[in-house]
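Coordinates from my_file02.cif are shown below (mmCIF, C-alpha atoms).
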```cif
data_upload
loop_
_atom_site.label_atom_id
_atom_site.label_comp_id
_atom_site.auth_asym_id
_atom_site.auth_seq_id
_atom_site.Cartn_x
_atom_site.Cartn_y
_atom_site.Cartn_z
CA MET A 264 -1.03 11.67 3.19
CA ASN A 265 -2.01 14.48 0.82
CA GLN A 266 -0.51 17.79 -0.18
CA ASP A 267 -2.08 19.58 2.78
CA ASN A 268 0.15 17.66 5.16
CA ASP A 269 3.76 18.24 6.18
CA THR A 270 6.00 19.07 3.22
CA HIS A 271 9.24 19.32 5.17
CA LEU A 272 12.41 18.07 3.54
CA LYS A 273 15.85 19.52 4.14
CA MET A 274 17.33 21.53 1.29
CA GLY A 275 19.98 19.40 -0.29
CA GLY A 276 17.79 16.34 0.24
CA VAL A 277 16.71 13.73 -2.28
CA LEU A 278 13.01 13.15 -2.91
CA VAL A 279 11.90 9.92 -4.59
CA VAL A 280 8.46 10.03 -6.21
CA ILE A 281 6.75 6.89 -7.51
CA PRO A 282 4.01 7.78 -10.02
CA ALA A 283 1.22 5.20 -9.79
CA ARG A 284 -1.67 5.69 -12.21
CA TYR A 285 -4.68 3.38 -12.01
CA GLY A 286 -5.84 3.62 -15.62
CA SER A 287 -3.46 1.64 -17.84
CA SER A 288 -4.74 0.56 -21.25
CA ARG A 289 -2.78 -2.70 -21.16
CA PHE A 290 -3.13 -3.42 -17.44
CA PRO A 291 -5.84 -1.45 -15.57
CA GLY A 292 -5.17 -1.20 -11.84
CA LYS A 293 -1.58 -2.32 -12.30
CA PRO A 294 -0.17 -0.70 -9.10
CA LEU A 295 -2.62 -2.79 -7.03
CA ALA A 296 -2.00 -6.08 -8.83
CA ASP A 297 -1.12 -8.87 -6.40
CA LEU A 298 2.52 -9.90 -6.54
CA MET A 299 3.36 -12.64 -4.05
CA GLY A 300 0.90 -11.31 -1.49
CA TRP A 301 1.71 -7.61 -1.87
CA PRO A 302 0.31 -5.00 -4.26
CA MET A 303 3.01 -4.24 -6.81
CA VAL A 304 3.37 -0.63 -5.68
CA ARG A 305 4.40 -1.89 -2.24
CA HIS A 306 7.33 -3.81 -3.73
CA VAL A 307 8.56 -0.65 -5.43
CA TRP A 308 8.07 1.46 -2.31
CA SER A 309 9.76 -1.09 -0.03
CA ARG A 310 12.87 -1.10 -2.20
CA ALA A 311 12.92 2.67 -2.54
CA ILE A 312 12.87 3.27 1.23
CA GLN A 313 15.87 0.97 1.61
CA ALA A 314 18.02 3.23 -0.55
CA LYS A 315 20.40 4.95 1.87
CA ARG A 316 20.56 8.14 -0.20
CA ALA A 317 16.79 8.66 -0.46
CA ASP A 318 15.53 11.16 2.14
CA ARG A 319 11.82 10.84 1.41
CA VAL A 320 9.69 8.49 -0.71
CA VAL A 321 6.21 9.50 -1.92
CA VAL A 322 3.73 7.60 -4.09
CA ALA A 323 1.94 10.03 -6.44
CA THR A 324 -1.40 8.71 -7.65
CA ASP A 325 -4.64 9.81 -9.29
CA ASP A 326 -6.83 7.21 -7.59
CA GLU A 327 -8.23 6.97 -4.06
CA ARG A 328 -7.88 3.17 -4.07
CA ILE A 329 -4.12 3.37 -4.56
CA LEU A 330 -3.88 6.16 -1.99
CA LYS A 331 -5.65 4.03 0.63
CA VAL A 332 -3.60 0.91 -0.05
CA VAL A 333 -0.32 2.81 0.24
CA GLU A 334 -1.36 4.50 3.47
CA ASP A 335 -2.61 1.19 4.87
CA PHE A 336 0.83 -0.43 4.49
CA GLY A 337 2.53 2.62 6.05
CA GLY A 338 3.68 4.48 2.96
CA GLU A 339 3.23 8.14 2.10
CA ALA A 340 0.89 8.85 -0.82
CA TRP A 341 -0.35 12.06 -2.43
CA MET A 342 -3.35 12.56 -4.67
CA THR A 343 -2.39 14.31 -7.90
CA SER A 344 -4.25 15.58 -10.92
CA SER A 345 -5.83 13.12 -13.35
CA ALA A 346 -4.99 15.49 -16.21
CA HIS A 347 -1.24 14.84 -16.29
CA ARG A 348 0.12 13.73 -19.64
CA THR A 349 3.15 11.87 -18.28
CA GLY A 350 4.57 10.38 -15.11
CA THR A 351 7.11 13.20 -15.04
CA GLU A 352 4.31 15.76 -14.74
CA ARG A 353 2.80 13.78 -11.86
CA VAL A 354 6.19 13.70 -10.12
CA ALA A 355 6.61 17.43 -10.63
CA GLU A 356 3.29 18.19 -8.93
CA VAL A 357 4.63 16.62 -5.74
CA ALA A 358 8.12 18.12 -6.16
CA GLU A 359 6.65 21.60 -6.52
CA LYS A 360 5.53 21.45 -2.88
CA ILE A 361 8.63 19.77 -1.43
CA PRO A 362 11.89 21.79 -1.56
CA ALA A 363 14.31 18.96 -2.35
CA THR A 364 17.48 19.55 -4.33
CA LEU A 365 17.20 16.38 -6.40
CA VAL A 366 14.03 14.51 -7.43
CA VAL A 367 13.88 10.91 -8.60
CA ASN A 368 11.12 9.75 -10.93
CA LEU A 369 10.93 6.04 -10.06
CA GLN A 370 8.38 4.14 -12.15
CA GLY A 371 5.77 2.22 -10.21
CA ASP A 372 6.13 -0.90 -12.36
CA LEU A 373 9.69 -1.84 -11.30
CA PRO A 374 9.13 -4.29 -8.41
CA LEU A 375 12.60 -5.88 -8.69
CA PHE A 376 15.01 -2.96 -8.90
CA LEU A 377 17.99 -2.90 -6.53
CA PRO A 378 18.14 -0.17 -3.87
CA GLU A 379 21.91 0.04 -4.34
CA THR A 380 21.39 1.00 -7.97
CA LEU A 381 19.18 3.89 -6.87
CA ASP A 382 21.89 4.91 -4.38
CA ARG A 383 24.53 4.90 -7.11
CA LEU A 384 22.33 7.00 -9.38
CA ILE A 385 21.89 9.53 -6.58
CA GLU A 386 25.61 9.61 -5.77
CA ILE A 387 26.49 10.30 -9.40
CA SER A 388 23.84 12.99 -9.53
CA LEU A 389 25.28 14.63 -6.43
CA ALA A 390 28.52 14.82 -8.37
CA SER A 391 26.70 16.80 -11.03
CA GLN A 392 25.77 19.30 -8.33
CA GLY A 393 29.46 20.05 -7.82
CA MET A 394 29.74 18.04 -4.59
CA GLN A 395 32.29 15.86 -6.37
CA ALA A 396 34.46 16.66 -9.36
CA ASP A 397 33.76 13.79 -11.75
CA MET A 398 30.73 15.18 -13.66
CA ARG A 399 29.87 18.33 -15.54
CA ALA A 400 27.89 20.98 -13.71
CA ASP A 401 25.46 21.52 -16.61
CA VAL A 402 23.67 18.17 -16.22
CA GLN A 403 19.93 18.51 -15.57
CA ALA A 404 19.02 14.82 -15.38
CA VAL A 405 20.65 11.43 -14.90
CA THR A 406 19.37 8.07 -16.13
CA LEU A 407 20.54 4.49 -16.80
CA GLN A 408 21.53 2.26 -19.71
CA SER A 409 22.80 -1.28 -20.23
CA GLU A 410 24.30 -3.05 -23.22
CA ILE A 411 21.91 -5.02 -25.45
CA THR A 412 23.19 -8.36 -26.68
CA ASP A 413 20.00 -9.79 -28.18
CA LEU A 414 19.21 -8.93 -31.80
CA ALA A 415 15.45 -9.27 -31.24
CA GLU A 416 15.62 -6.69 -28.46
CA ILE A 417 17.62 -4.31 -30.64
CA ASN A 418 14.86 -4.44 -33.25
CA SER A 419 11.94 -4.35 -30.81
CA PRO A 420 10.06 -1.03 -30.52
CA SER A 421 9.30 -1.96 -26.89
CA CYS A 422 13.00 -1.65 -26.12
CA VAL A 423 14.06 2.01 -26.02
CA LYS A 424 17.57 2.56 -27.30
CA VAL A 425 19.93 5.40 -26.40
CA VAL A 426 23.13 6.76 -27.93
CA THR A 427 25.53 9.01 -26.05
CA ASP A 428 28.47 11.27 -26.71
CA SER A 429 32.04 10.64 -25.54
CA GLN A 430 31.18 11.99 -22.08
CA GLY A 431 28.15 9.76 -21.61
CA ARG A 432 25.54 12.42 -22.31
CA ALA A 433 22.45 11.40 -24.25
CA LEU A 434 22.31 12.34 -27.92
CA LEU A 435 19.08 10.56 -28.82
CA PHE A 436 16.53 8.04 -27.59
CA SER A 437 14.48 5.94 -30.01
CA ARG A 438 12.34 2.86 -30.32
CA SER A 439 14.19 2.15 -33.57
CA PRO A 440 17.70 0.68 -33.65
CA ILE A 441 20.08 3.63 -33.44
CA PRO A 442 22.39 4.27 -35.13
CA TYR A 443 21.45 2.72 -38.46
CA MET A 444 23.90 -0.09 -39.23
CA GLN A 445 24.94 -0.11 -42.88
CA THR A 446 26.34 -3.63 -42.70
CA LYS A 447 23.35 -5.10 -40.82
CA ASP A 448 26.00 -6.83 -38.71
CA ILE A 449 25.76 -6.53 -34.92
CA ASN A 450 29.02 -8.45 -34.49
CA ASN A 451 31.27 -5.60 -35.58
CA ASN A 452 32.08 -4.51 -32.00
CA PHE A 453 29.49 -1.73 -32.00
CA LYS A 454 27.40 -1.78 -28.85
CA TYR A 455 23.71 -0.97 -28.63
CA TYR A 456 22.29 0.25 -25.32
CA LYS A 457 18.88 -0.08 -23.73
CA HIS A 458 17.51 2.84 -21.76
CA TYR A 459 15.89 2.25 -18.36
CA GLY A 460 13.13 4.65 -17.36
CA ILE A 461 14.36 5.99 -14.06
CA TYR A 462 15.37 9.65 -13.90
CA LEU A 463 16.95 11.90 -11.33
CA PHE A 464 16.32 15.62 -11.95
CA ARG A 465 17.53 18.92 -10.66
CA ARG A 466 14.29 20.16 -9.12
CA PRO A 467 14.10 23.57 -10.92
CA PHE A 468 14.58 21.89 -14.30
CA LEU A 469 11.91 19.29 -13.52
CA LEU A 470 9.36 21.97 -12.65
CA GLN A 471 10.08 23.83 -15.90
CA LEU A 472 9.96 20.61 -17.93
CA ALA A 473 6.55 19.59 -16.60
CA LYS A 474 5.02 22.84 -17.80
CA ALA A 475 6.59 22.70 -21.26
CA PRO A 476 4.57 21.64 -24.33
CA GLU A 477 5.09 18.21 -25.81
CA GLY A 478 8.06 18.11 -28.18
CA ARG A 479 7.81 17.02 -31.81
CA LEU A 480 10.09 14.00 -31.37
CA GLU A 481 8.41 13.16 -28.09
CA GLY A 482 5.04 13.04 -29.85
CA VAL A 483 6.31 10.82 -32.66
CA GLU A 484 8.21 8.33 -30.50
CA GLN A 485 5.98 8.63 -27.40
CA LEU A 486 9.10 8.99 -25.25
CA GLU A 487 8.86 11.75 -22.67
CA GLN A 488 12.64 11.97 -22.19
CA LEU A 489 12.90 13.43 -25.69
CA ARG A 490 11.21 16.57 -24.36
CA ILE A 491 14.33 17.12 -22.24
CA LEU A 492 16.66 16.94 -25.25
CA GLU A 493 14.38 19.04 -27.43
CA ARG A 494 14.51 21.78 -24.81
CA GLY A 495 18.31 21.69 -24.71
CA GLY A 496 18.61 19.76 -21.44
CA VAL A 497 21.62 17.57 -20.74
CA ILE A 498 20.98 13.99 -19.62
CA GLN A 499 23.91 12.06 -18.18
CA VAL A 500 23.56 8.34 -18.88
CA VAL A 501 25.11 5.88 -16.45
CA GLU A 502 25.85 2.29 -17.49
CA ILE A 503 24.75 -0.56 -15.25
CA ASP A 504 25.83 -4.19 -15.52
CA ARG A 505 23.67 -7.13 -16.60
CA HIS A 506 22.80 -8.12 -13.04
CA GLU A 507 21.51 -4.64 -12.25
CA ALA A 508 19.76 -4.42 -15.61
CA ALA A 509 17.91 -7.68 -14.98
CA SER A 510 16.43 -6.14 -11.83
CA PHE A 511 14.79 -3.39 -13.90
CA TRP A 512 12.06 -5.76 -15.07
CA GLU A 513 9.07 -3.63 -16.09
CA VAL A 514 5.59 -5.02 -15.54
CA ASN A 515 3.33 -3.74 -18.31
CA THR A 516 0.96 -6.69 -18.77
CA PRO A 517 -0.56 -9.48 -16.62
CA ALA A 518 1.82 -11.94 -18.31
CA GLU A 519 4.80 -9.86 -17.22
CA LEU A 520 3.43 -9.85 -13.66
CA ILE A 521 3.63 -13.65 -13.69
CA ARG A 522 7.22 -13.40 -14.92
CA ALA A 523 8.04 -10.90 -12.16
CA ALA A 524 6.71 -13.36 -9.56
CA ALA A 525 8.96 -16.08 -10.98
CA LEU A 526 11.96 -13.75 -10.80
CA LEU A 527 11.14 -12.81 -7.21
CA THR A 528 11.18 -16.45 -6.16
CA VAL A 529 14.83 -16.77 -7.19
CA SER A 530 15.92 -13.39 -5.79
CA VAL A 531 16.12 -12.12 -2.24
CA PRO A 532 12.79 -10.46 -1.31
CA LEU A 533 13.19 -7.03 0.24
CA HIS A 534 10.66 -6.64 3.04
CA PRO A 535 11.16 -3.62 5.29
#
```

Would you write the structure of this file as structure tokens?
Amino acid sequence: MNQDNDTHLKMGGVLVVIPARYGSSRFPGKPLADLMGWPMVRHVWSRAIQAKRADRVVVATDDERILKVVEDFGGEAWMTSSAHRTGTERVAEVAEKIPATLVVNLQGDLPLFLPETLDRLIEISLASQGMQADMRADVQAVTLQSEITDLAEINSPSCVKVVTDSQGRALLFSRSPIPYMQTKDINNNFKYYKHYGIYLFRRPFLLQLAKAPEGRLEGVEQLEQLRILERGGVIQVVEIDRHEAASFWEVNTPAELIRAAALLTVSVPLHP
């Protein structure tokens, strides 16, 4: 399906968009890579549609091959511009035409994530809309974190770290260990947290964000979420446990695809 087709979604609804770009420098054609008999994008889509709180799931791509594959397995896919700088901008192109209240940016390289985690993220985000009383009303985006217990991961630039304030709102994201530890001792009861790249946005903020210029910190770290903070946006960060965190296995290379297949063999496959 493309943007000329039906764009109906009830106001107050939740739109999940899965950006799926064909041209990856480390893994070209990644969304179509075979993972236990399915293209990887189908694993992500199949889990997303099982989330009870998701009203509509759309794959946003820049490639006709991905579009055809998604439509062939019964999913909804939209062609989007090849000029987008980030996945968030690709998500926003779809969201601009669908009047949802909340929009999820769900990465297309997460074939193991748990639908119940997506539901919990949505429920907490609904609270930020004032439908419940346990979150501030000024939150523009919600994302996830989990405690890091491995020193190598703390020091790895591939692992994005996040620090929050006393109310769980993001202060900073970085590929470096943050904060700097004077004692070099990770056993002093201070906890480091890994950030997981799934975001749920208020739709108006997302549309503004996608049109904003790249931030200075964003350009240095190559982390698009820093654009939100640099523009004064508030990101609520929700902690997930180790079991949930393990399901957010990102596939960025062919070797990681092999690892994902091994993990799927010991988990419960989710086939709609």

List, as a list in words, every residue that the PyMOL selection byres ((chain A and resi 284-292) around 8) selects in the file provided.
Pro282, Ala283, Lys293, Pro294, Leu295, Ala296, Thr324, Asp325, Asp326, Ile329, Asn515, Thr516 and Pro517 of chain A

How would you write, as a count of residues only, the residues chosen by the PyMOL selection byres ((chain A and resi 483-488) around 8) on this structure?
13

Taking 2 positions as the minimum chain separation for residues in the same chain, which residues sit within 12 Å of Ala363 in chain A when counting all atoms listed in the file? Answer as a VMD selection string.
chain A and resid 270 to 280 317 to 320 355 357 to 361 365 to 367 463 to 467 469 to 470

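Using all atoms listed in the file, the smallest distance between any of A:Asp413, A:Val402, A:Pro374, A:Ala314 and Met299 in chain A comes from A:Pro374.
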
Which residue of A:Gly350, A:Thr412, A:Glu356, A:Thr406 approaches Gly431 in chain A most closely, using all atoms listed in the file:
A:Thr406

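For the pair CA of Leu377 in chain A and CA of Arg328 in chain A, the interatomic distance is 26.7 Å.
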
Select, from A:His347, A:Lys457, A:Arg383, A:Arg310, the residue with the minimum atom-to-atom distance to Ile417 in chain A, counting only C-alpha atoms.
A:Lys457

Suppose you want the space between CA of Ser309 in chain A and CA of Val333 in chain A; what is it in Å?
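Calculated distance between CA of Ser309 in chain A and CA of Val333 in chain A is 10.8 Å.
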
Tell me which residues the PyMOL selection byres ((chain A and resi 507-512) around 9) grabs here, as an mmCIF file with C-alpha atoms, in the coordinates of the input.
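Writing the result to selection_23.cif gives the following:
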```cif
data_model
loop_
_atom_site.group_PDB
_atom_site.id
_atom_site.type_symbol
_atom_site.label_atom_id
_atom_site.label_comp_id
_atom_site.auth_asym_id
_atom_site.auth_seq_id
_atom_site.Cartn_x
_atom_site.Cartn_y
_atom_site.Cartn_z
ATOM 1 C CA ASP A 372 6.130 -0.900 -12.360
ATOM 2 C CA LEU A 373 9.690 -1.840 -11.300
ATOM 3 C CA PRO A 374 9.130 -4.290 -8.410
ATOM 4 C CA LEU A 375 12.600 -5.880 -8.690
ATOM 5 C CA PHE A 376 15.010 -2.960 -8.900
ATOM 6 C CA LEU A 377 17.990 -2.900 -6.530
ATOM 7 C CA THR A 380 21.390 1.000 -7.970
ATOM 8 C CA GLN A 408 21.530 2.260 -19.710
ATOM 9 C CA SER A 409 22.800 -1.280 -20.230
ATOM 10 C CA GLU A 410 24.300 -3.050 -23.220
ATOM 11 C CA TYR A 459 15.890 2.250 -18.360
ATOM 12 C CA GLY A 460 13.130 4.650 -17.360
ATOM 13 C CA ILE A 503 24.750 -0.560 -15.250
ATOM 14 C CA ASP A 504 25.830 -4.190 -15.520
ATOM 15 C CA ARG A 505 23.670 -7.130 -16.600
ATOM 16 C CA HIS A 506 22.800 -8.120 -13.040
ATOM 17 C CA GLU A 513 9.070 -3.630 -16.090
ATOM 18 C CA VAL A 514 5.590 -5.020 -15.540
ATOM 19 C CA GLU A 519 4.800 -9.860 -17.220
ATOM 20 C CA ALA A 523 8.040 -10.900 -12.160
ATOM 21 C CA LEU A 526 11.960 -13.750 -10.800
#
```

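Our summary of the geometry notes that CA of Phe468 in chain A is positioned 6.5 Å from CA of Gln403 in chain A.
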
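Between Arg432 in chain A and the residues A:Gln445, A:Gln499, A:Asn418, A:Gln313, the shortest atom-to-atom distance, using all atoms listed in the file, involves A:Gln499.
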
Any idea what's packed within 8 Å of Tyr462 in chain A, counting all atoms listed in the file, ignoring anything in its chain fewer than 4 positions away? Could you give it as an MDAnalysis selection string?
chainID A and resid 367:369 404:407

Given the selection you just returned, output its residues as a file containing C-alpha atoms, formatted as a PDB file, in the frame of the given file.
```pdb
ATOM      1  CA  VAL A 367      13.880  10.910  -8.600  1.00  0.00           C
ATOM      2  CA  ASN A 368      11.120   9.750 -10.930  1.00  0.00           C
ATOM      3  CA  LEU A 369      10.930   6.040 -10.060  1.00  0.00           C
ATOM      4  CA  ALA A 404      19.020  14.820 -15.380  1.00  0.00           C
ATOM      5  CA  VAL A 405      20.650  11.430 -14.900  1.00  0.00           C
ATOM      6  CA  THR A 406      19.370   8.070 -16.130  1.00  0.00           C
ATOM      7  CA  LEU A 407      20.540   4.490 -16.800  1.00  0.00           C
TER       8      LEU A 407
END
```

Return the single residue from A:Phe453, A:Ile281, A:His458, A:Leu434 that is closest to Glu352 in chain A, with distances computed using all atoms listed in the file.
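Selected residue with least distance to Glu352 in chain A: A:Ile281.
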